[in-house]
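**Student:** As input, take final11.cif (mmCIF, C-alpha atoms):
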```cif
data_structure
#
loop_
_atom_site.label_atom_id
_atom_site.label_comp_id
_atom_site.auth_asym_id
_atom_site.auth_seq_id
_atom_site.Cartn_x
_atom_site.Cartn_y
_atom_site.Cartn_z
CA MET A 147 0.10 -13.96 19.38
CA ASN A 148 -0.05 -14.27 23.14
CA GLY A 149 -0.27 -10.91 24.80
CA PHE A 150 -1.00 -9.09 21.56
CA ILE A 151 -2.67 -5.75 22.26
CA LEU A 152 -4.27 -3.71 19.52
CA ASP A 153 -2.86 -0.19 19.26
CA SER A 154 -5.09 2.23 21.17
CA ARG A 155 -5.54 4.60 18.23
CA LEU A 156 -6.67 1.78 15.93
CA ALA A 157 -8.94 0.54 18.71
CA SER A 158 -10.60 3.93 19.14
CA ASP A 159 -10.88 4.77 15.40
CA CYS A 160 -12.24 1.41 14.28
CA HIS A 161 -14.82 -1.28 14.88
CA GLN A 162 -13.26 -4.65 15.58
CA LEU A 163 -15.17 -6.93 13.24
CA GLY A 164 -13.30 -10.12 14.02
CA ARG A 165 -10.49 -12.05 12.38
CA VAL A 166 -9.60 -13.11 8.87
CA ASP A 167 -7.55 -16.23 9.44
CA ASN A 168 -4.94 -15.04 11.94
CA SER A 169 -5.23 -11.26 11.37
CA LEU A 170 -7.54 -8.88 13.16
CA LEU A 171 -10.06 -7.29 10.85
CA LEU A 172 -11.02 -3.71 11.63
CA LEU A 173 -13.52 -1.39 10.00
CA MET A 174 -12.60 2.28 10.07
CA ASP A 175 -15.56 4.04 11.69
CA ASN A 176 -16.28 6.17 8.66
CA SER A 177 -19.21 5.12 6.54
CA LEU A 178 -18.19 7.56 3.78
CA VAL A 179 -15.93 4.82 2.35
CA PRO A 180 -15.68 1.07 2.97
CA TRP A 181 -12.31 0.98 4.72
CA LEU A 182 -10.97 -2.27 6.12
CA ILE A 183 -7.76 -2.76 8.07
CA LEU A 184 -5.85 -6.00 8.57
CA VAL A 185 -3.65 -6.29 11.65
CA PRO A 186 -1.37 -9.31 11.84
CA MET A 187 -1.01 -10.12 15.52
CA LEU A 188 2.74 -9.73 15.59
CA ASP A 189 5.24 -7.29 16.98
CA VAL A 190 6.55 -6.01 13.63
CA THR A 191 6.50 -2.53 12.15
CA GLU A 192 7.62 -2.92 8.55
CA PHE A 193 5.97 -5.11 5.94
CA HIS A 194 9.30 -6.19 4.44
CA GLU A 195 10.47 -7.42 7.83
CA LEU A 196 7.62 -9.91 8.16
CA GLU A 197 8.50 -13.54 7.61
CA HIS A 198 7.76 -14.81 4.13
CA ASP A 199 4.93 -17.06 5.32
CA VAL A 200 3.23 -14.16 7.06
CA GLN A 201 3.59 -12.02 3.95
CA LEU A 202 1.93 -14.75 1.90
CA GLN A 203 -0.93 -15.01 4.40
CA LEU A 204 -1.42 -11.25 4.30
CA LEU A 205 -1.31 -11.29 0.51
CA GLU A 206 -4.12 -13.81 0.48
CA GLN A 207 -6.10 -11.79 3.03
CA ILE A 208 -5.64 -8.63 0.95
CA ASN A 209 -6.87 -10.48 -2.15
CA LEU A 210 -9.86 -11.82 -0.27
CA LEU A 211 -10.87 -8.42 1.15
CA SER A 212 -10.29 -6.62 -2.14
CA ALA A 213 -12.54 -9.07 -3.96
CA TYR A 214 -15.11 -8.78 -1.17
CA LEU A 215 -15.16 -4.97 -1.43
CA LYS A 216 -15.46 -5.06 -5.23
CA HIS A 217 -18.35 -7.51 -4.93
CA GLU A 218 -20.29 -5.70 -2.22
CA PHE A 219 -19.90 -2.05 -3.14
CA ALA A 220 -20.03 0.01 -6.33
CA LEU A 221 -16.32 0.80 -6.57
CA ASP A 222 -13.94 2.21 -9.11
CA LYS A 223 -10.66 1.37 -7.38
CA ILE A 224 -9.16 -0.49 -4.48
CA ASN A 225 -6.43 1.24 -2.48
CA VAL A 226 -4.05 -1.02 -0.57
CA ALA A 227 -1.40 0.42 1.70
CA ALA A 228 0.96 -0.21 4.58
CA ILE A 229 1.82 3.24 5.93
CA GLY A 230 2.20 3.36 9.71
CA ASN A 231 3.72 6.82 10.13
CA ILE A 232 1.44 7.54 13.07
CA VAL A 233 0.50 4.07 14.32
CA ARG A 234 3.60 1.88 14.24
CA GLN A 235 1.79 -1.37 14.87
CA MET A 236 1.81 -3.09 11.48
CA HIS A 237 -1.54 -2.71 9.74
CA ILE A 238 -2.68 -2.81 6.15
CA HIS A 239 -5.42 -0.65 4.72
CA VAL A 240 -7.76 -2.10 2.09
CA VAL A 241 -10.05 0.71 1.00
CA GLY A 242 -12.84 0.69 -1.55
CA ARG A 243 -12.89 3.90 -3.56
CA SER A 244 -15.56 5.36 -5.79
CA GLU A 245 -15.38 8.36 -8.08
CA GLN A 246 -18.35 9.66 -6.11
CA ASP A 247 -16.83 9.31 -2.66
CA PHE A 248 -16.04 12.18 -0.30
CA CYS A 249 -12.40 12.72 -1.18
CA TRP A 250 -11.94 11.19 -4.64
CA PRO A 251 -9.38 11.13 -6.27
CA ASN A 252 -7.32 12.05 -3.21
CA VAL A 253 -6.21 9.41 -0.77
CA VAL A 254 -8.28 8.79 2.36
CA TRP A 255 -5.36 9.24 4.75
CA GLY A 256 -5.56 12.74 6.15
CA ALA A 257 -8.76 13.57 4.23
CA GLU A 258 -11.37 15.42 6.24
CA GLY A 259 -14.88 14.04 6.36
CA ARG A 260 -16.32 11.41 8.62
CA LYS A 261 -19.67 9.82 9.30
CA ALA A 262 -19.86 7.20 12.03
CA TYR A 263 -21.56 3.89 11.26
CA THR A 264 -24.78 2.90 12.97
CA GLU A 265 -24.74 -0.39 14.86
CA GLN A 266 -27.04 -1.81 12.19
CA GLU A 267 -24.62 -0.87 9.40
CA VAL A 268 -21.68 -2.51 11.15
CA GLY A 269 -23.80 -5.62 11.65
CA ASP A 270 -24.69 -5.65 7.95
CA ILE A 271 -21.05 -5.46 6.91
CA SER A 272 -20.19 -8.24 9.32
CA SER A 273 -23.00 -10.37 7.84
CA SER A 274 -21.85 -9.76 4.29
CA LEU A 275 -18.31 -10.78 5.29
CA ILE A 276 -19.69 -14.02 6.73
CA ASN A 277 -21.59 -14.65 3.50
CA ARG A 278 -18.65 -13.91 1.26
CA LEU A 279 -15.68 -15.23 3.25
CA GLY A 280 -17.26 -18.20 4.99
CA ASP A 281 -15.16 -19.62 7.76
CA ARG A 282 -12.13 -17.56 6.76
CA PHE A 283 -13.88 -14.79 8.71
CA ILE A 284 -14.39 -15.27 12.44
CA PRO A 285 -16.75 -12.49 13.58
CA TYR A 286 -16.65 -10.94 17.01
CA PRO A 287 -19.96 -10.24 18.72
CA GLN A 288 -21.07 -6.70 17.77
CA GLY A 289 -22.88 -4.06 19.78
CA MET B 156 5.21 -7.13 -22.23
CA ASN B 157 5.09 -6.46 -25.94
CA GLY B 158 3.64 -3.08 -26.69
CA PHE B 159 3.69 -2.00 -23.05
CA ILE B 160 3.64 1.79 -22.78
CA LEU B 161 4.32 3.59 -19.54
CA ASP B 162 1.48 5.90 -18.52
CA SER B 163 2.24 9.46 -19.63
CA ARG B 164 1.75 10.97 -16.17
CA LEU B 165 4.17 8.51 -14.57
CA ALA B 166 6.59 9.16 -17.43
CA SER B 167 6.48 12.92 -16.89
CA ASP B 168 6.58 12.84 -13.06
CA CYS B 169 9.39 10.30 -12.72
CA HIS B 170 12.87 9.32 -13.80
CA GLN B 171 12.97 5.89 -15.41
CA LEU B 172 15.84 4.23 -13.58
CA GLY B 173 15.58 0.84 -15.24
CA ARG B 174 14.05 -2.49 -14.31
CA VAL B 175 13.96 -4.67 -11.24
CA ASP B 176 13.50 -8.12 -12.70
CA ASN B 177 10.49 -7.68 -14.97
CA SER B 178 9.07 -4.47 -13.48
CA LEU B 179 9.94 -0.93 -14.48
CA LEU B 180 11.61 1.01 -11.69
CA LEU B 181 10.78 4.70 -11.48
CA LEU B 182 12.06 7.42 -9.19
CA MET B 183 9.57 10.17 -8.41
CA ASP B 184 11.30 13.42 -9.36
CA ASN B 185 11.15 14.81 -5.85
CA SER B 186 14.36 14.71 -3.88
CA LEU B 187 12.51 15.65 -0.67
CA VAL B 188 11.83 11.92 -0.11
CA PRO B 189 13.28 8.76 -1.65
CA TRP B 190 10.21 7.58 -3.57
CA LEU B 191 10.42 4.54 -5.82
CA ILE B 192 7.67 3.15 -8.02
CA LEU B 193 7.40 -0.37 -9.42
CA VAL B 194 5.40 -0.84 -12.60
CA PRO B 195 4.71 -4.41 -13.68
CA MET B 196 4.55 -4.35 -17.48
CA LEU B 197 1.03 -5.71 -17.65
CA ASP B 198 -2.39 -4.43 -18.55
CA VAL B 199 -3.93 -4.75 -15.08
CA THR B 200 -5.37 -2.10 -12.77
CA GLU B 201 -5.98 -3.84 -9.46
CA PHE B 202 -3.37 -5.61 -7.38
CA HIS B 203 -5.73 -8.42 -6.40
CA GLU B 204 -6.42 -9.15 -10.07
CA LEU B 205 -2.78 -9.92 -10.80
CA GLU B 206 -1.90 -13.57 -11.23
CA HIS B 207 -0.45 -15.17 -8.14
CA ASP B 208 3.02 -15.53 -9.69
CA VAL B 209 3.12 -11.85 -10.54
CA GLN B 210 2.02 -10.94 -7.01
CA LEU B 211 4.85 -13.03 -5.63
CA GLN B 212 7.36 -11.34 -7.92
CA LEU B 213 6.09 -7.93 -6.86
CA LEU B 214 6.25 -8.94 -3.22
CA GLU B 215 9.89 -9.84 -3.66
CA GLN B 216 10.60 -6.58 -5.48
CA ILE B 217 8.87 -4.60 -2.72
CA ASN B 218 10.98 -6.39 -0.11
CA LEU B 219 14.15 -5.72 -2.08
CA LEU B 220 13.41 -2.01 -2.54
CA SER B 221 12.27 -1.54 1.05
CA ALA B 222 15.50 -3.07 2.34
CA TYR B 223 17.47 -0.95 -0.13
CA LEU B 224 15.81 2.26 1.07
CA LYS B 225 16.35 1.39 4.74
CA HIS B 226 20.00 0.66 4.02
CA GLU B 227 20.75 3.76 1.96
CA PHE B 228 18.80 6.48 3.74
CA ALA B 229 18.18 7.51 7.34
CA LEU B 230 14.54 6.44 7.54
CA ASP B 231 11.93 5.95 10.20
CA LYS B 232 9.30 4.18 8.13
CA ILE B 233 8.63 2.62 4.75
CA ASN B 234 5.29 3.36 3.09
CA VAL B 235 4.10 0.83 0.53
CA ALA B 236 0.94 1.42 -1.47
CA ALA B 237 -1.05 0.52 -4.56
CA ILE B 238 -3.46 3.42 -5.05
CA GLY B 239 -4.08 4.28 -8.70
CA ASN B 240 -7.02 6.66 -8.34
CA ILE B 241 -5.50 9.04 -10.87
CA VAL B 242 -3.15 6.81 -12.88
CA ARG B 243 -4.91 3.51 -13.53
CA GLN B 244 -1.86 1.70 -14.84
CA MET B 245 -0.90 -0.63 -12.01
CA HIS B 246 2.01 0.80 -10.01
CA ILE B 247 3.29 0.34 -6.49
CA HIS B 248 4.82 3.08 -4.40
CA VAL B 249 7.72 2.24 -2.07
CA VAL B 250 8.54 5.41 -0.19
CA GLY B 251 11.19 6.03 2.44
CA ARG B 252 9.91 8.30 5.19
CA SER B 253 11.75 10.21 7.85
CA GLU B 254 10.37 12.14 10.81
CA GLN B 255 12.29 15.08 9.40
CA ASP B 256 10.90 14.94 5.88
CA PHE B 257 8.75 17.62 4.27
CA CYS B 258 5.32 16.22 5.05
CA TRP B 259 5.81 13.84 7.99
CA PRO B 260 3.64 12.23 9.37
CA ASN B 261 1.21 12.85 6.52
CA VAL B 262 1.29 10.68 3.44
CA VAL B 263 3.23 11.87 0.39
CA TRP B 264 0.29 11.53 -1.98
CA GLY B 265 -1.21 14.95 -2.46
CA ALA B 266 1.36 16.63 -0.22
CA GLU B 267 2.73 19.89 -1.54
CA GLY B 268 6.45 20.33 -1.77
CA ARG B 269 8.82 19.30 -4.51
CA LYS B 270 12.47 19.62 -5.36
CA ALA B 271 13.67 18.15 -8.63
CA TYR B 272 16.74 15.90 -8.61
CA THR B 273 19.94 16.92 -10.29
CA GLU B 274 21.30 14.57 -12.95
CA GLN B 275 24.13 13.73 -10.55
CA GLU B 276 21.72 12.75 -7.78
CA VAL B 277 19.75 10.45 -10.07
CA GLY B 278 23.02 8.88 -11.19
CA ASP B 279 24.05 8.34 -7.57
CA ILE B 280 20.79 6.60 -6.75
CA SER B 281 21.15 4.41 -9.81
CA SER B 282 24.70 3.50 -8.74
CA SER B 283 23.59 2.62 -5.23
CA LEU B 284 20.85 0.39 -6.66
CA ILE B 285 23.46 -1.40 -8.78
CA ASN B 286 25.63 -1.89 -5.69
CA ARG B 287 22.81 -3.14 -3.54
CA LEU B 288 20.63 -5.11 -5.96
CA GLY B 289 23.32 -6.51 -8.27
CA ASP B 290 21.92 -8.01 -11.45
CA ARG B 291 18.35 -7.85 -10.14
CA PHE B 292 18.53 -4.22 -11.23
CA ILE B 293 18.99 -3.46 -14.92
CA PRO B 294 19.75 0.26 -15.19
CA TYR B 295 18.75 2.41 -18.13
CA PRO B 296 21.29 4.94 -19.40
CA GLN B 297 20.71 8.23 -17.54
CA GLY B 298 21.03 11.80 -18.72
#
```
Represent the structure contained in this file as structure tokens.

**Tutor:**
Amino acid sequence: MNGFILDSRLASDCHQLGRVDNSLLLLMDNSLVPWLILVPMLDVTEFHELEHDVQLQLLEQINLLSAYLKHEFALDKINVAAIGNIVRQMHIHVVGRSEQDFCWPNVVWGAEGRKAYTEQEVGDISSSLINRLGDRFIPYPQG
Amino acid sequence: MNGFILDSRLASDCHQLGRVDNSLLLLMDNSLVPWLILVPMLDVTEFHELEHDVQLQLLEQINLLSAYLKHEFALDKINVAAIGNIVRQMHIHVVGRSEQDFCWPNVVWGAEGRKAYTEQEVGDISSSLINRLGDRFIPYPQG
């Protein structure tokens, strides 16, 4: 993990909420959908090339975030994906989808429509992650 | 698995190649990208609601198919996703992407462009799966 640098596009598109276990937890800066991103701090591009242990950790983190999203928001579906065509640094999207959201039933990747979060909203999401995930979530200072 | 019926949209959009272990293996009928779909034969919609054992099996199947795609095709990236906004029957996309393919770097979901496979091409893919996956792949008769 030493020397790990978050990809500049992820850094500019997202709020860095903190960590879930050993992965960075990002929030896409688009309040039109709750869109979380896990970034394992490793120099790997493809999910299937991760070591088994890391895959298992990510699996658990995906489960945790999916359950969190379902609990906190009125959702009809969770979308989970490892894509990385544009940003090669390995990252996994966990997106809460609702039949009322801005691009339903299309996927969020490439969909037009964006509304930046307020500082207050990001703080609220961070708080709800603390409540739900306990010490599995290590928040970064916001604002 | 008793009484499991493949969703009608998946059935009409895809070739049913066979099974990988206990999951159905589909091939999206679009030869513009190698696009495989795993369908665990269970009545579940969300990945995180699958039992841990089933998640581990799927993980292994995803790894197997990702490595197969990388080996068989000239690819730049693997895209793995559980979306299900339109078809709620749990299914996982494992898609081989190339910088030269029809919709790069956009995602394949919702992208326009389609070229049906010939019977011969589907047979060739099935053969290469047999070669690569051995008895983990149980082919269905094609044609």

**Student:** Check what the PyMOL selection byres ((chain B) within 8 of (chain A)) selects in the file above and give those residues as a PyMOL selection string.

**Tutor:** chain B and resi 201-203+217-218+221-222+232-241+259-262+264-265

**Student:** Go ahead and compute the interatomic distance for CA of Met174 (chain A) and CA of Gly268 (chain B), in Å to one decimal.

**Tutor:**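 Here the two named atoms are 28.8 Å from each other.
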
**Student:** Residue by residue, what does the PyMOL selection byres ((chain B and resi 228) around 10) grab here? Present the result as a short mmCIF file (atom, residue, chain, number, x, y, z; two decimals) with C-alpha atoms, keeping the file's coordinate frame.

**Tutor:**
```cif
data_model
loop_
_atom_site.label_atom_id
_atom_site.label_comp_id
_atom_site.auth_asym_id
_atom_site.auth_seq_id
_atom_site.Cartn_x
_atom_site.Cartn_y
_atom_site.Cartn_z
CA VAL B 188 11.83 11.92 -0.11
CA PRO B 189 13.28 8.76 -1.65
CA TYR B 223 17.47 -0.95 -0.13
CA LEU B 224 15.81 2.26 1.07
CA LYS B 225 16.35 1.39 4.74
CA HIS B 226 20.00 0.66 4.02
CA GLU B 227 20.75 3.76 1.96
CA ALA B 229 18.18 7.51 7.34
CA LEU B 230 14.54 6.44 7.54
CA ASP B 231 11.93 5.95 10.20
CA GLY B 251 11.19 6.03 2.44
CA ARG B 252 9.91 8.30 5.19
CA SER B 253 11.75 10.21 7.85
#
```

**Student:** Region 160-166 of chain A: which residues within 7 Å, counting all atoms listed in the file, same-chain residues fewer than 5 positions away excluded, as number ranges by chain?

**Tutor:** A: 171-175, 207, 272, 282-286

**Student:** Kindly give the distance, in Å, that separates CA of Phe150 (chain A) and CA of Met187 (chain A), rounded to a single decimal.

**Tutor:**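 That distance, rounded to one decimal, is 6.1 Å.
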
**Student:** At what distance in Å, to one decimal, does CA of Leu170 (chain A) lie from CA of Leu184 (chain A)?

**Tutor:** 5.7 Å

**Student:** Would you fill the gaps in region 230-255 of chain A so it has N, CA and C atoms, then print it as a PDB file, in the frame of the given file?

**Tutor:**
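Below is the file part38.pdb, written as the result:
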```pdb
ATOM      1  N   GLY A 230       1.664   3.494   8.357  1.00  0.00           N
ATOM      2  CA  GLY A 230       2.200   3.360   9.710  1.00  0.00           C
ATOM      3  C   GLY A 230       3.084   4.494  10.195  1.00  0.00           C
ATOM      4  N   ASN A 231       2.921   5.689   9.637  1.00  0.00           N
ATOM      5  CA  ASN A 231       3.720   6.820  10.130  1.00  0.00           C
ATOM      6  C   ASN A 231       3.264   7.243  11.518  1.00  0.00           C
ATOM      7  N   ILE A 232       1.983   7.121  11.773  1.00  0.00           N
ATOM      8  CA  ILE A 232       1.440   7.540  13.070  1.00  0.00           C
ATOM      9  C   ILE A 232       1.297   6.342  13.998  1.00  0.00           C
ATOM     10  N   VAL A 233       0.630   5.303  13.524  1.00  0.00           N
ATOM     11  CA  VAL A 233       0.500   4.070  14.320  1.00  0.00           C
ATOM     12  C   VAL A 233       1.540   3.072  13.820  1.00  0.00           C
ATOM     13  N   ARG A 234       2.507   2.741  14.689  1.00  0.00           N
ATOM     14  CA  ARG A 234       3.600   1.880  14.240  1.00  0.00           C
ATOM     15  C   ARG A 234       3.237   0.401  14.215  1.00  0.00           C
ATOM     16  N   GLN A 235       2.184   0.039  14.929  1.00  0.00           N
ATOM     17  CA  GLN A 235       1.790  -1.370  14.870  1.00  0.00           C
ATOM     18  C   GLN A 235       1.385  -1.695  13.433  1.00  0.00           C
ATOM     19  N   MET A 236       2.021  -2.700  12.884  1.00  0.00           N
ATOM     20  CA  MET A 236       1.810  -3.090  11.480  1.00  0.00           C
ATOM     21  C   MET A 236       0.339  -3.283  11.160  1.00  0.00           C
ATOM     22  N   HIS A 237      -0.156  -2.539  10.177  1.00  0.00           N
ATOM     23  CA  HIS A 237      -1.540  -2.710   9.740  1.00  0.00           C
ATOM     24  C   HIS A 237      -1.642  -2.345   8.272  1.00  0.00           C
ATOM     25  N   ILE A 238      -2.549  -3.009   7.596  1.00  0.00           N
ATOM     26  CA  ILE A 238      -2.680  -2.810   6.150  1.00  0.00           C
ATOM     27  C   ILE A 238      -4.090  -2.341   5.826  1.00  0.00           C
ATOM     28  N   HIS A 239      -4.142  -1.218   5.128  1.00  0.00           N
ATOM     29  CA  HIS A 239      -5.420  -0.650   4.720  1.00  0.00           C
ATOM     30  C   HIS A 239      -5.888  -1.283   3.407  1.00  0.00           C
ATOM     31  N   VAL A 240      -7.153  -1.652   3.356  1.00  0.00           N
ATOM     32  CA  VAL A 240      -7.760  -2.100   2.090  1.00  0.00           C
ATOM     33  C   VAL A 240      -9.039  -1.276   1.947  1.00  0.00           C
ATOM     34  N   VAL A 241      -8.998  -0.305   1.048  1.00  0.00           N
ATOM     35  CA  VAL A 241     -10.050   0.710   1.000  1.00  0.00           C
ATOM     36  C   VAL A 241     -10.751   0.686  -0.346  1.00  0.00           C
ATOM     37  N   GLY A 242     -12.062   0.654  -0.308  1.00  0.00           N
ATOM     38  CA  GLY A 242     -12.840   0.690  -1.550  1.00  0.00           C
ATOM     39  C   GLY A 242     -13.138   2.127  -1.935  1.00  0.00           C
ATOM     40  N   ARG A 243     -12.730   2.512  -3.135  1.00  0.00           N
ATOM     41  CA  ARG A 243     -12.890   3.900  -3.560  1.00  0.00           C
ATOM     42  C   ARG A 243     -13.865   4.015  -4.727  1.00  0.00           C
ATOM     43  N   SER A 244     -14.630   5.081  -4.699  1.00  0.00           N
ATOM     44  CA  SER A 244     -15.560   5.360  -5.790  1.00  0.00           C
ATOM     45  C   SER A 244     -15.328   6.789  -6.255  1.00  0.00           C
ATOM     46  N   GLU A 245     -15.561   7.005  -7.535  1.00  0.00           N
ATOM     47  CA  GLU A 245     -15.380   8.360  -8.080  1.00  0.00           C
ATOM     48  C   GLU A 245     -16.373   9.337  -7.462  1.00  0.00           C
ATOM     49  N   GLN A 246     -17.368   8.792  -6.776  1.00  0.00           N
ATOM     50  CA  GLN A 246     -18.350   9.660  -6.110  1.00  0.00           C
ATOM     51  C   GLN A 246     -18.058   9.826  -4.626  1.00  0.00           C
ATOM     52  N   ASP A 247     -16.989   9.234  -4.120  1.00  0.00           N
ATOM     53  CA  ASP A 247     -16.830   9.310  -2.660  1.00  0.00           C
ATOM     54  C   ASP A 247     -16.279  10.660  -2.201  1.00  0.00           C
ATOM     55  N   PHE A 248     -16.231  10.846  -0.889  1.00  0.00           N
ATOM     56  CA  PHE A 248     -16.040  12.180  -0.300  1.00  0.00           C
ATOM     57  C   PHE A 248     -14.703  12.837  -0.604  1.00  0.00           C
ATOM     58  N   CYS A 249     -13.703  12.072  -0.957  1.00  0.00           N
ATOM     59  CA  CYS A 249     -12.400  12.720  -1.180  1.00  0.00           C
ATOM     60  C   CYS A 249     -11.723  12.271  -2.483  1.00  0.00           C
ATOM     61  N   TRP A 250     -12.466  11.606  -3.347  1.00  0.00           N
ATOM     62  CA  TRP A 250     -11.940  11.190  -4.640  1.00  0.00           C
ATOM     63  C   TRP A 250     -11.393  12.380  -5.423  1.00  0.00           C
ATOM     64  N   PRO A 251     -10.266  12.282  -6.157  1.00  0.00           N
ATOM     65  CA  PRO A 251      -9.380  11.130  -6.270  1.00  0.00           C
ATOM     66  C   PRO A 251      -8.253  11.152  -5.230  1.00  0.00           C
ATOM     67  N   ASN A 252      -8.372  12.008  -4.231  1.00  0.00           N
ATOM     68  CA  ASN A 252      -7.320  12.050  -3.210  1.00  0.00           C
ATOM     69  C   ASN A 252      -7.331  10.781  -2.359  1.00  0.00           C
ATOM     70  N   VAL A 253      -6.258  10.573  -1.651  1.00  0.00           N
ATOM     71  CA  VAL A 253      -6.210   9.410  -0.770  1.00  0.00           C
ATOM     72  C   VAL A 253      -7.041   9.677   0.487  1.00  0.00           C
ATOM     73  N   VAL A 254      -7.444   8.625   1.151  1.00  0.00           N
ATOM     74  CA  VAL A 254      -8.280   8.790   2.360  1.00  0.00           C
ATOM     75  C   VAL A 254      -7.468   9.221   3.576  1.00  0.00           C
ATOM     76  N   TRP A 255      -6.168   8.935   3.574  1.00  0.00           N
ATOM     77  CA  TRP A 255      -5.360   9.240   4.750  1.00  0.00           C
ATOM     78  C   TRP A 255      -5.193  10.753   4.859  1.00  0.00           C
TER      79      TRP A 255
END
```
